[in-house]
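Here the structure comes first, spelled out in structure tokens, and everything after it is commentary.
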There are 2 protein chains.
Amino acid sequence: MLVDFTQAVNELKEAEDILILCHRNPDGDTLGSGYALLRALRDMGKRASLSCYDRIPDKFHYLRKGLTPVSCEDKFIVSVDVAERKLLGESVSEKYGDRIDLSFDHHGTSRLFAKTTYCEPDSASACEIIYNVIKALGVEISADIASCLYTGISTDTGCFRYSNVTPRTHRIAAELIEKGADHSRINVRMFETRTLDSIMFERMCLDTLECYAGGSVAVITVTVDMMEQCGVDRSAIDSIKPITRQIDGVEIGITVKEEENGKTGVSVRTGESFDASLICAHFGGGGHARAAGCEMALSPEETKMKILEYLYNDVL
Amino acid sequence: MLVDFTQAVNELKEAEDILILCHRNPDGDTLGSGYALLRALRDMGKRASLSCYDRIPDKFHYLRKGLTPVSCEDKFIVSVDVAERKLLGESVSEKYGDRIDLSFDHHGTSRLFAKTTYCEPDSASACEIIYNVIKALGVEISADIASCLYTGISTDTGCFRYSNVTPRTHRIAAELIEKGADHSRINVRMFETRTLDSIMFERMCLDTLECYAGGSVAVITVTVDMMEQCGVDRSAIDSIKPITRQIDGVEIGITVKEEENGKTGVSVRTGESFDASLICAHFGGGGHARAAGCEMALSPEETKMKILEYLYNDVL
């Protein structure tokens, strides 16, 4: 059931022994929301803990600075930034999926898997919602809470770069900086730190770059072997995907990625003239207008030719 | 002479036939300030024009959208974001350098070359100052003015990423978005568009990457030949300079750049443990604590060895 803001806040006010759940493959927004809420609830004198299916990446460890584990009975369960139950991760979903009391989310595709859901699809980040929740709970925004919330806002907006940013996003960021958010150090950590391996991997990916259709289509091809040679994991692919589309003149940027299972994953990024989700839908995939994906049971080379053939014949 | 905000605004109110000067190698802040002020003065019914020593790069052409040239007598001359006279560029400095009436600047190193100067060293961008000037002039912030001001704020803060960002920076950005600044398209243009040549150049630069001192020092070496091969100009170097320091574990990032005149330029970027300006001062250069530069009358290879020798012996 969808509830309004006041009701969601009232549920939290009355709750005791609260377990906060983040989504699997945790990012800055789910962890920033989770730890900010955890800190606020503890500041209210409540017992609260946080759980996530995956290990929390080192670069986010500052979010839990100074927090100690508490024994907590999980009487009330809240999920943050979780659009659907399966995104909790298998074991967490099995254990808690049926008994989530309250979901705070900002995805337009949010499913109503919790008993009550408060969702703001226009919010650039879950952290903007949690900022308002913490204010409504009457908790003072400490420097640590501010850093948690800033992290989610900054990461979910590409550091205020994306079209999801609203005036509210900037106004909240202003207040968080006033409250002591360690903004520039957070941004260095989130956006300006890369491993030598990932840089070498990017260089190797650029070696595969090909342009077609007068420079309006660009393709990068990534193999399992390349990833093994550079010692990078799947997350390294995320920083490769935007590259093709960022090239001046490229309207359709494609990253073709050999998977371990013998299939080939395809990421499509488009400029304003083409719809990435329509291109991927042709191959059974989907996504958003500017970023979408699909998978084919073909080699990377065959996959690339298949997509180019389709683009030349039906799209361009 | 330094003047206060009110006096600077009053000078503008009384001025007629105003020429606005930007700095050479124009960036988003000098052009954003200049065109925003130009638009505001014209909205007040004044004649105003803008001049810059260098050609305005294509990516900034939207700043002057809809503006037509006017015949203007240059009775009152204002410079924006110009820290010292020589930054106007030679011919502009010769023609106007002695008769600049008012300088708006935000550099801590600002020189008092104009008759009157209004400077806010704590302002992240000149555009934040011009925003306040336009408000004080009583001019409504149009969507075009908003886009000009947003451009300067966004580019001078690395899209709200750097430590120079203040709560005010975000609050002004919020209002500019409300007034119609085309924020996400501006950010795509400023931060997400790269030429194929510049990507190939970056790849070639990465091929020269070397790490020293257990990975705490990284060096990239750029030759004139590399730039010619890729067909890129000096500005391509700016996107190379941050790369070394961004590598996880690197505290001192160095870019060594062969110059046309046979000398070698050096850019040093440091983490919090080292002062780039002190390192460069040792070789007769200077700059800021996190980013500085110097020049040597040596080959790139000799320059690199000279710096490494100094770092190993006296700094690390």
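In the structure tokens, chains take letters A, B, ... by order of appearance, with residues numbered from 1 within each chain and ligands from 1 in the order shown.
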
If you run DSSP over the backbone, which residues in stretch 127-265 of chain A end up helix (DSSP H, G or I)? Put them as a ChimeraX atom specification.
/A:127-136,143-156,167-178,183-191,196-206,213-215,224-230,235-240,243-246

Produce a table with one row for each residue of chain A that has an atom at most 7 Å from any atom of chain B, each row naming the nearest atom pair and its distance in Å at one decimal; use only C-alpha atoms; arrange rows by chain and rising residue number; format as JSON lines.
{"residue": "A:Cys159", "atom": "CA", "partner": "B:Arg161", "partner_atom": "CA", "distance": 6.6}
{"residue": "A:Phe160", "atom": "CA", "partner": "B:Cys159", "partner_atom": "CA", "distance": 6.7}
{"residue": "A:Arg161", "atom": "CA", "partner": "B:Asn187", "partner_atom": "CA", "distance": 5.8}
{"residue": "A:Tyr162", "atom": "CA", "partner": "B:Ser184", "partner_atom": "CA", "distance": 5.5}
{"residue": "A:Ser163", "atom": "CA", "partner": "B:Ser184", "partner_atom": "CA", "distance": 4.8}
{"residue": "A:Pro167", "atom": "CA", "partner": "B:Ala174", "partner_atom": "CA", "distance": 4.0}
{"residue": "A:Arg168", "atom": "CA", "partner": "B:Ala174", "partner_atom": "CA", "distance": 6.9}
{"residue": "A:His170", "atom": "CA", "partner": "B:His170", "partner_atom": "CA", "distance": 4.9}
{"residue": "A:Arg171", "atom": "CA", "partner": "B:Arg171", "partner_atom": "CA", "distance": 5.5}
{"residue": "A:Ala173", "atom": "CA", "partner": "B:His170", "partner_atom": "CA", "distance": 6.7}
{"residue": "A:Ala174", "atom": "CA", "partner": "B:Pro167", "partner_atom": "CA", "distance": 4.0}
{"residue": "A:Glu175", "atom": "CA", "partner": "B:Pro167", "partner_atom": "CA", "distance": 6.6}
{"residue": "A:Ile177", "atom": "CA", "partner": "B:Pro167", "partner_atom": "CA", "distance": 6.1}
{"residue": "A:Glu178", "atom": "CA", "partner": "B:Pro167", "partner_atom": "CA", "distance": 6.4}
{"residue": "A:Ser184", "atom": "CA", "partner": "B:Ser163", "partner_atom": "CA", "distance": 4.8}
{"residue": "A:Asn187", "atom": "CA", "partner": "B:Arg161", "partner_atom": "CA", "distance": 5.8}
{"residue": "A:Glu192", "atom": "CA", "partner": "B:Gln246", "partner_atom": "CA", "distance": 5.3}
{"residue": "A:Thr193", "atom": "CA", "partner": "B:Gln246", "partner_atom": "CA", "distance": 4.8}
{"residue": "A:Arg194", "atom": "CA", "partner": "B:Ile247", "partner_atom": "CA", "distance": 4.9}
{"residue": "A:Thr195", "atom": "CA", "partner": "B:Asp248", "partner_atom": "CA", "distance": 4.9}
{"residue": "A:Leu196", "atom": "CA", "partner": "B:Ile247", "partner_atom": "CA", "distance": 5.8}
{"residue": "A:Arg203", "atom": "CA", "partner": "B:Arg203", "partner_atom": "CA", "distance": 5.7}
{"residue": "A:Gln246", "atom": "CA", "partner": "B:Thr193", "partner_atom": "CA", "distance": 4.8}
{"residue": "A:Ile247", "atom": "CA", "partner": "B:Arg194", "partner_atom": "CA", "distance": 4.9}
{"residue": "A:Asp248", "atom": "CA", "partner": "B:Thr195", "partner_atom": "CA", "distance": 4.9}

Excluding stretch 254-263 of chain B and its own-chain neighbours fewer than 3 positions away, which residues fall within 10 Å of it when counting only C-alpha atoms? Please give them as a ChimeraX atom specification.
/B:205,209-210,217-227,234,237,240-245,251,266-270,276,291-301,303-304,307-308

Near-stretch 79-89 of chain A list (6 Å; only C-alpha atoms; drop same-chain fewer than 5 positions) as a list in words:
Ile20, Leu21, Cys22, His23, Arg24, Thr30, Tyr53, Ser103, Phe104, Asp105, Ser110, Arg111 and Ala126 of chain A

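Straight-line separation from atom CA of B:Glu272 to atom CA of A:Ser147: 19.3 Å.
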
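Computed from the coordinates, the atom CA of A:Phe201 to atom CA of A:Gly284 distance equals 29.0 Å.
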
If you count only C-alpha atoms, the residue of A:Lys306, A:Arg55, A:Arg99, A:Arg64 closest to A:Leu19 turns out to be A:Arg99

Can you pull out every residue from stretch 12-117 of chain B that DSSP, working from the backbone, puts in strand (DSSP E or B), and format the result as a VMD selection string?
chain B and resid 18 to 21 48 to 51 76 to 80 102 to 105 116 to 117
